$ cat final-v5.txt   # compact mmCIF, C-alpha atoms
# COMPACT_ATOMS: atom_id res chain seq x y z
CA MET A 232 8.47 -44.29 -58.97
CA GLN A 233 5.47 -42.15 -59.74
CA THR A 234 5.91 -38.94 -61.73
CA ILE A 235 3.51 -36.12 -60.94
CA ALA A 236 2.91 -33.73 -63.83
CA LYS A 237 1.27 -30.44 -62.96
CA THR A 238 -0.62 -28.37 -65.51
CA LYS A 239 0.02 -24.76 -66.38
CA THR A 240 -2.79 -22.20 -66.52
CA LYS A 241 -2.44 -18.87 -68.28
CA LEU A 242 -2.44 -15.80 -66.06
CA ILE A 243 -5.52 -13.69 -66.74
CA ILE A 244 -5.38 -9.93 -66.30
CA ASN A 245 -8.57 -8.04 -65.48
CA SER A 246 -8.16 -4.38 -64.53
CA ASN A 247 -11.55 -3.98 -62.85
CA ASN A 248 -10.58 -5.22 -59.39
CA THR A 249 -7.59 -6.35 -57.33
CA MET A 250 -8.27 -10.09 -57.41
CA GLY A 251 -9.12 -9.91 -61.10
CA ASN A 252 -5.79 -8.22 -61.74
CA VAL A 253 -4.04 -11.41 -60.70
CA PHE A 254 -6.29 -14.30 -61.65
CA GLY A 255 -9.47 -13.21 -63.47
CA LYS A 256 -13.03 -13.48 -62.16
CA THR A 257 -13.63 -16.97 -63.54
CA TYR A 258 -11.02 -18.43 -61.19
CA ILE A 259 -11.78 -16.56 -57.98
CA MET A 260 -14.62 -18.76 -56.71
CA GLY A 261 -12.70 -21.95 -57.40
CA MET A 262 -9.72 -20.54 -55.54
CA VAL A 263 -11.91 -19.72 -52.54
CA PHE A 264 -12.62 -23.46 -52.32
CA GLY A 265 -9.01 -24.52 -52.84
CA LYS A 266 -8.69 -24.89 -56.60
CA ILE A 267 -5.06 -24.40 -57.69
CA VAL A 268 -5.10 -22.63 -61.06
CA VAL A 269 -1.40 -21.97 -61.59
CA GLU A 270 1.65 -24.04 -62.49
CA THR A 271 3.15 -26.17 -59.74
CA PRO A 272 6.57 -27.85 -59.75
CA LYS A 273 6.96 -31.33 -61.22
CA TYR A 274 8.35 -34.00 -58.96
CA THR A 275 8.85 -37.74 -58.68
CA VAL A 276 7.61 -39.70 -55.66
CA ALA A 277 10.57 -41.83 -54.55
CA LYS A 278 8.79 -43.34 -51.53
CA SER A 279 5.35 -43.23 -49.94
CA GLY A 280 5.68 -43.56 -46.18
CA ASP A 281 3.19 -43.62 -43.33
CA GLY A 282 1.50 -40.24 -43.86
CA TYR A 283 4.31 -38.68 -45.89
CA GLU A 284 6.10 -38.84 -49.25
CA VAL A 285 9.72 -38.53 -50.28
CA ARG A 286 9.87 -36.46 -53.45
CA GLU A 287 12.61 -35.63 -55.92
CA TYR A 288 12.42 -32.25 -57.64
CA PRO A 289 14.39 -31.36 -60.79
CA PRO A 290 16.56 -28.22 -61.04
CA ALA A 291 14.68 -24.93 -61.23
CA VAL A 292 15.24 -21.18 -61.41
CA SER A 293 14.01 -18.94 -58.62
CA ALA A 294 13.59 -15.26 -57.81
CA GLU A 295 14.09 -14.25 -54.19
CA VAL A 296 14.23 -11.21 -51.94
CA THR A 297 15.68 -10.86 -48.44
CA TYR A 298 14.32 -8.18 -46.11
CA ASP A 299 13.61 -7.06 -42.58
CA PRO A 300 9.85 -7.37 -41.93
CA SER A 301 9.95 -3.93 -40.29
CA GLU A 302 10.28 -2.54 -43.83
CA PHE A 303 6.70 -3.78 -44.33
CA LYS A 304 5.23 -2.78 -40.95
CA GLY A 305 6.21 -6.14 -39.45
CA ASP A 306 4.62 -8.22 -42.21
CA LYS A 307 6.77 -11.35 -42.73
CA ASP A 308 5.18 -11.82 -46.14
CA GLY A 309 5.89 -8.24 -47.21
CA GLY A 310 8.41 -9.39 -49.81
CA PHE A 311 5.58 -10.93 -51.81
CA GLN A 312 4.76 -7.58 -53.39
CA VAL A 313 8.39 -7.04 -54.38
CA LEU A 314 8.50 -10.36 -56.22
CA ALA A 315 5.00 -9.91 -57.65
CA LYS A 316 6.11 -6.61 -59.16
CA TYR A 317 9.15 -8.31 -60.66
CA ILE A 318 6.95 -10.75 -62.59
CA GLY A 319 4.34 -8.12 -63.41
CA VAL A 320 1.32 -9.17 -61.36
CA PHE A 321 0.20 -5.63 -60.53
CA GLY A 322 1.00 -3.95 -63.82
CA LYS A 323 4.23 -3.14 -65.65
CA PRO A 324 6.87 -5.72 -64.71
CA GLU A 325 9.97 -4.51 -62.91
CA ASN A 326 12.42 -6.45 -65.07
CA GLN A 327 14.28 -6.33 -68.34
CA LYS A 328 15.07 -8.96 -70.96
CA ILE A 329 18.66 -8.72 -72.13
CA ALA A 330 19.53 -10.05 -75.61
CA MET A 331 23.20 -11.01 -75.79
CA THR A 332 23.83 -9.52 -79.20
CA SER A 333 26.13 -6.81 -80.53
CA PRO A 334 24.98 -4.25 -79.72
CA VAL A 335 23.22 -5.52 -76.57
CA ILE A 336 19.44 -5.15 -76.88
CA THR A 337 17.21 -4.54 -73.85
CA THR A 338 13.46 -5.16 -74.14
CA GLU A 339 10.56 -4.78 -71.72
CA GLY A 340 7.18 -6.40 -71.08
CA GLU A 341 7.68 -10.19 -70.95
CA LYS A 342 5.20 -11.90 -68.66
CA ILE A 343 6.06 -14.78 -66.32
CA ALA A 344 3.35 -17.23 -65.30
CA MET A 345 2.45 -17.58 -61.64
CA THR A 346 3.12 -20.90 -59.99
CA SER A 347 2.34 -22.49 -56.63
CA PRO A 348 3.11 -23.11 -53.75
CA VAL A 349 4.54 -20.27 -51.68
CA ILE A 350 7.34 -21.66 -49.50
CA THR A 351 8.47 -20.37 -46.12
CA LYS A 352 11.75 -21.48 -44.60
CA GLU A 353 12.73 -20.68 -41.04
CA GLY A 354 15.89 -20.98 -39.00
CA GLU A 355 18.57 -19.86 -41.45
CA LYS A 356 20.80 -16.91 -40.59
CA ILE A 357 20.73 -14.55 -43.53
CA ALA A 358 22.52 -11.22 -43.89
CA MET A 359 20.56 -8.03 -44.40
CA THR A 360 20.13 -6.93 -48.02
CA SER A 361 20.75 -3.60 -49.68
CA PRO A 362 18.31 -0.65 -49.49
CA VAL A 363 15.11 -0.62 -51.56
CA ILE A 364 15.64 0.43 -55.17
CA THR A 365 12.67 0.48 -57.55
CA LYS A 366 13.04 0.53 -61.33
CA GLU A 367 10.90 -0.50 -64.31
CA GLY A 368 11.17 -3.48 -66.63
CA GLU A 369 9.85 -6.60 -68.33
CA LYS A 370 6.64 -8.40 -67.34
CA ILE A 371 6.90 -12.01 -66.16
CA GLU A 372 4.18 -14.46 -65.20
CA MET A 373 4.12 -15.17 -61.49
CA THR A 374 5.09 -18.62 -60.25
CA SER A 375 4.96 -20.54 -57.03
CA PRO A 376 6.20 -21.65 -54.62
CA VAL A 377 7.20 -18.55 -52.89
CA VAL A 378 9.93 -19.45 -50.44
CA THR A 379 10.36 -17.46 -47.27
CA LYS A 380 13.39 -18.01 -45.06
CA GLU A 381 13.81 -16.44 -41.66
CA GLY A 382 17.09 -15.73 -39.98
CA GLY A 383 18.78 -13.58 -37.40
CA GLY A 384 22.21 -12.32 -38.36
CA ARG A 385 24.50 -12.04 -35.35
CA GLU A 386 26.00 -8.74 -36.38
CA ARG A 387 22.72 -6.95 -37.05
CA LYS A 388 20.79 -8.93 -34.44
CA LYS A 389 17.66 -8.55 -36.53
CA LYS A 390 15.51 -11.26 -38.04
CA THR A 391 15.37 -11.24 -41.79
CA VAL A 392 13.09 -13.07 -44.19
CA THR A 393 13.94 -14.47 -47.60
CA MET A 394 10.96 -15.05 -49.86
CA GLN A 395 11.30 -17.03 -53.05
CA PHE A 396 9.24 -17.67 -56.18
CA LEU A 397 10.12 -20.64 -58.34
CA LEU A 398 9.89 -19.43 -61.92
CA PRO A 399 8.02 -21.43 -64.59
CA GLU A 400 9.66 -24.51 -66.07
CA MET A 401 10.43 -22.67 -69.32
CA TYR A 402 13.30 -20.88 -67.55
CA LYS A 403 16.10 -23.46 -67.49
CA ARG A 404 18.97 -21.17 -66.46
CA ALA A 405 19.26 -17.99 -64.43
CA GLU A 406 20.28 -16.05 -67.54
CA ASP A 407 17.06 -17.14 -69.28
CA ALA A 408 14.95 -15.18 -66.79
CA PRO A 409 14.34 -11.45 -67.21
CA ARG A 410 16.79 -9.35 -65.21
CA PRO A 411 15.25 -7.64 -62.14
CA THR A 412 15.39 -3.86 -62.06
CA ASP A 413 14.78 -3.83 -58.31
CA GLU A 414 18.20 -4.64 -56.86
CA ARG A 415 16.64 -6.50 -53.94
CA VAL A 416 15.51 -9.30 -56.26
CA VAL A 417 18.05 -12.06 -56.91
CA ILE A 418 17.75 -14.77 -59.57
CA ARG A 419 19.18 -18.16 -58.58
CA GLU A 420 19.55 -21.62 -60.06
CA GLU A 421 18.23 -24.30 -57.71
CA GLY A 422 19.77 -27.75 -58.11
CA GLY A 423 17.84 -31.00 -57.89
CA ARG A 424 16.23 -31.38 -54.47
CA LYS A 425 14.91 -34.27 -52.40
CA TYR A 426 12.34 -33.70 -49.65
CA GLY A 427 10.30 -35.62 -47.16
CA VAL A 428 6.85 -34.05 -47.43
CA VAL A 429 3.67 -34.08 -45.34
CA THR A 430 0.50 -32.40 -46.65
CA PHE A 431 -2.17 -30.79 -44.47
CA SER A 432 -5.09 -28.36 -44.71
CA GLY A 433 -6.16 -25.46 -42.52
CA THR A 434 -4.17 -22.47 -41.36
CA ALA A 435 -0.42 -23.01 -41.24
CA GLY A 436 0.15 -21.37 -37.86
CA GLU A 437 3.44 -21.72 -35.99
CA GLY A 438 2.08 -24.29 -33.54
CA VAL A 439 0.63 -26.52 -36.24
CA VAL A 440 3.75 -26.28 -38.36
CA SER A 441 5.98 -27.07 -35.38
CA GLU A 442 4.05 -30.27 -34.68
CA LYS A 443 4.16 -31.31 -38.34
CA VAL A 444 7.91 -30.73 -38.46
CA LYS A 445 8.47 -32.72 -35.28
CA LYS A 446 6.46 -35.73 -36.48
CA LEU A 447 7.86 -35.70 -40.01
CA THR A 448 11.41 -35.48 -38.66
CA SER A 449 10.75 -38.48 -36.42
CA ASP A 450 9.17 -40.49 -39.25
CA LEU A 451 12.02 -39.78 -41.67
CA GLU A 452 14.72 -40.69 -39.16
CA ARG A 453 12.83 -43.83 -38.19
CA ASP A 454 12.72 -44.89 -41.84
CA GLY A 455 16.44 -44.32 -42.37
CA PHE A 456 16.54 -40.96 -44.13
CA LYS A 457 19.30 -38.46 -43.34
CA ILE A 458 18.03 -34.91 -42.82
CA VAL A 459 20.35 -32.41 -44.52
CA GLY A 460 18.77 -29.01 -43.89
CA GLU A 461 15.99 -26.90 -42.42
CA PHE A 462 12.33 -27.47 -43.23
CA VAL A 463 10.34 -25.33 -45.65
CA LEU A 464 6.64 -24.55 -45.46
CA ALA A 465 4.83 -24.65 -48.80
CA ARG A 466 1.53 -22.77 -49.10
CA TYR A 467 -0.42 -23.36 -52.30
CA ASN A 468 -3.38 -21.02 -51.95
CA PRO A 469 -4.02 -17.27 -51.78
CA PRO A 470 -5.18 -15.70 -48.49
CA TRP A 471 -8.84 -15.71 -49.50
CA THR A 472 -9.03 -19.53 -49.79
CA LEU A 473 -11.15 -20.88 -46.94
CA PRO A 474 -8.87 -22.61 -44.38
CA PRO A 475 -10.46 -26.09 -44.65
CA PHE A 476 -9.71 -26.07 -48.40
CA ARG A 477 -6.11 -24.88 -48.22
CA THR A 478 -3.19 -27.08 -49.21
CA ASN A 479 -0.05 -26.72 -47.11
CA GLU A 480 3.09 -28.85 -46.98
CA VAL A 481 6.01 -29.17 -44.60
CA MET A 482 9.07 -30.19 -46.59
CA ILE A 483 12.35 -31.42 -45.05
CA PRO A 484 15.43 -31.92 -47.27
CA VAL A 485 16.86 -35.44 -47.10
CA GLU A 486 19.48 -37.64 -48.69
$ encode --input "final-v5.txt" --output "structure tokens"
Amino acid sequence: MQTIAKTKTKLIINSNNTMGNVFGKTYIMGMVFGKIVVETPKYTVAKSGDGYEVREYPPAVSAEVTYDPSEFKGDKDGGFQVLAKYIGVFGKPENQKIAMTSPVITTEGEKIAMTSPVITKEGEKIAMTSPVITKEGEKIEMTSPVVTKEGGGRERKKKTVTMQFLLPEMYKRAEDAPRPTDERVVIREEGGRKYGVVTFSGTAGEGVVSEKVKKLTSDLERDGFKIVGEFVLARYNPPWTLPPFRTNEVMIPVE
């Protein structure tokens, strides 16, 4: 089996402009043409099929937020800013580092590196979360993927979205990560995962994604894999990357 090791790039802060705040000017042009300059998850390729791979991912720690897109004027990706604030992309991080000593010591300002991709998951029914509460805290480098899950709870009859960032590999347990001060942000431990994956470029619109999911599902079932959950959509690039240079992946969990 082939092990894919992804490199980690330090987050550069430049206060002169919005893009520079996140990545630094030296990276912007490369990102426009699809260069991925942040940490991506390690994985092992268990099988290479006809146009797809089956990958095994090790355990990871994630930060996620569940919300109604109407909170962000209908923007399904509105939770991105909530998570970005948690890791400190736009300034002072909204988190705290808790030292388990006596007395307990709380510190602020730790950065968390950004990773890629951003992941969107549809079809799950997820309950609405608590109201927005904003506090201050520790700075963390941003990671990727960001995972977004959509769902419609029967009781509320409203679609919700769950967006997720996988935190850098240095965080082995949930308690290792800085504690969010925004109560909407939840830190979770993700177990080892196995996915059938197809990679494609361009804009990941609903029609394109639907076709990719349909074909990948058919290919996996044909080759004897048991599908054990809903697909996720992984997006590796920022919005300003030109569509032909974007890297997207449809990922379906399998046994």
$ closest_residue --input "final-v5.txt" --among "A:Pro484, A:Pro324, A:Gly438, A:Pro272" --to "Ser347 in chain A" --atoms "only C-alpha atoms"
A:Pro272
$ closest_residue --input "final-v5.txt" --among "A:Asp413, A:Asp450, A:Glu442, A:Glu437" --to "Ala315 in chain A" --atoms "only C-alpha atoms"
A:Asp413
$ residues_around --input "final-v5.txt" --residues "Pro411 in chain A" --least-positions-apart "2" --cutoff "7 Å" --atoms "only C-alpha atoms" --output "PyMOL selection string"
chain A and resi 317+325-327+409+413-414+416
$ write_last_selection --input "final-v5.txt" --atoms "C-alpha atoms" --output "compact mmCIF listing (two decimals), in the coordinates of the input"
# COMPACT_ATOMS: atom_id res chain seq x y z
CA TYR A 317 9.15 -8.31 -60.66
CA GLU A 325 9.97 -4.51 -62.91
CA ASN A 326 12.42 -6.45 -65.07
CA GLN A 327 14.28 -6.33 -68.34
CA PRO A 409 14.34 -11.45 -67.21
CA ASP A 413 14.78 -3.83 -58.31
CA GLU A 414 18.20 -4.64 -56.86
CA VAL A 416 15.51 -9.30 -56.26
$ atom_distance --input "final-v5.txt" --atom1 "CA of Ile343 in chain A" --atom2 "CA of Pro290 in chain A"
17.9 Å
$ closest_residue --input "final-v5.txt" --among "A:Glu486, A:Asp299, A:Lys445, A:Thr478" --to "Val459 in chain A" --atoms "only C-alpha atoms"
A:Glu486
$ closest_residue --input "final-v5.txt" --among "A:Thr297, A:Val481, A:Glu341, A:Tyr274" --to "Arg410 in chain A" --atoms "all atoms listed in the file"
A:Glu341
$ closest_residue --input "final-v5.txt" --among "A:Gly310, A:Pro474, A:Pro469, A:Gly261" --to "Pro348 in chain A" --atoms "all atoms listed in the file"
A:Pro469
$ atom_distance --input "final-v5.txt" --atom1 "CA of Thr275 in chain A" --atom2 "CA of Glu287 in chain A"
5.1 Å
$ atom_distance --input "final-v5.txt" --atom1 "CA of Asn479 in chain A" --atom2 "CA of Arg424 in chain A"
18.5 Å
$ closest_residue --input "final-v5.txt" --among "A:Ala344, A:Leu464, A:Val444, A:Met394" --to "Val313 in chain A" --atoms "all atoms listed in the file"
A:Met394
$ residues_near_point --input "final-v5.txt" --point "(13.8, -17.8, -59.4)" --cutoff "10 Å" --atoms "all atoms listed in the file" --output "ChimeraX atom specification"
/A:291-296,314,374-378,395-399,402,404-405,408,416-421
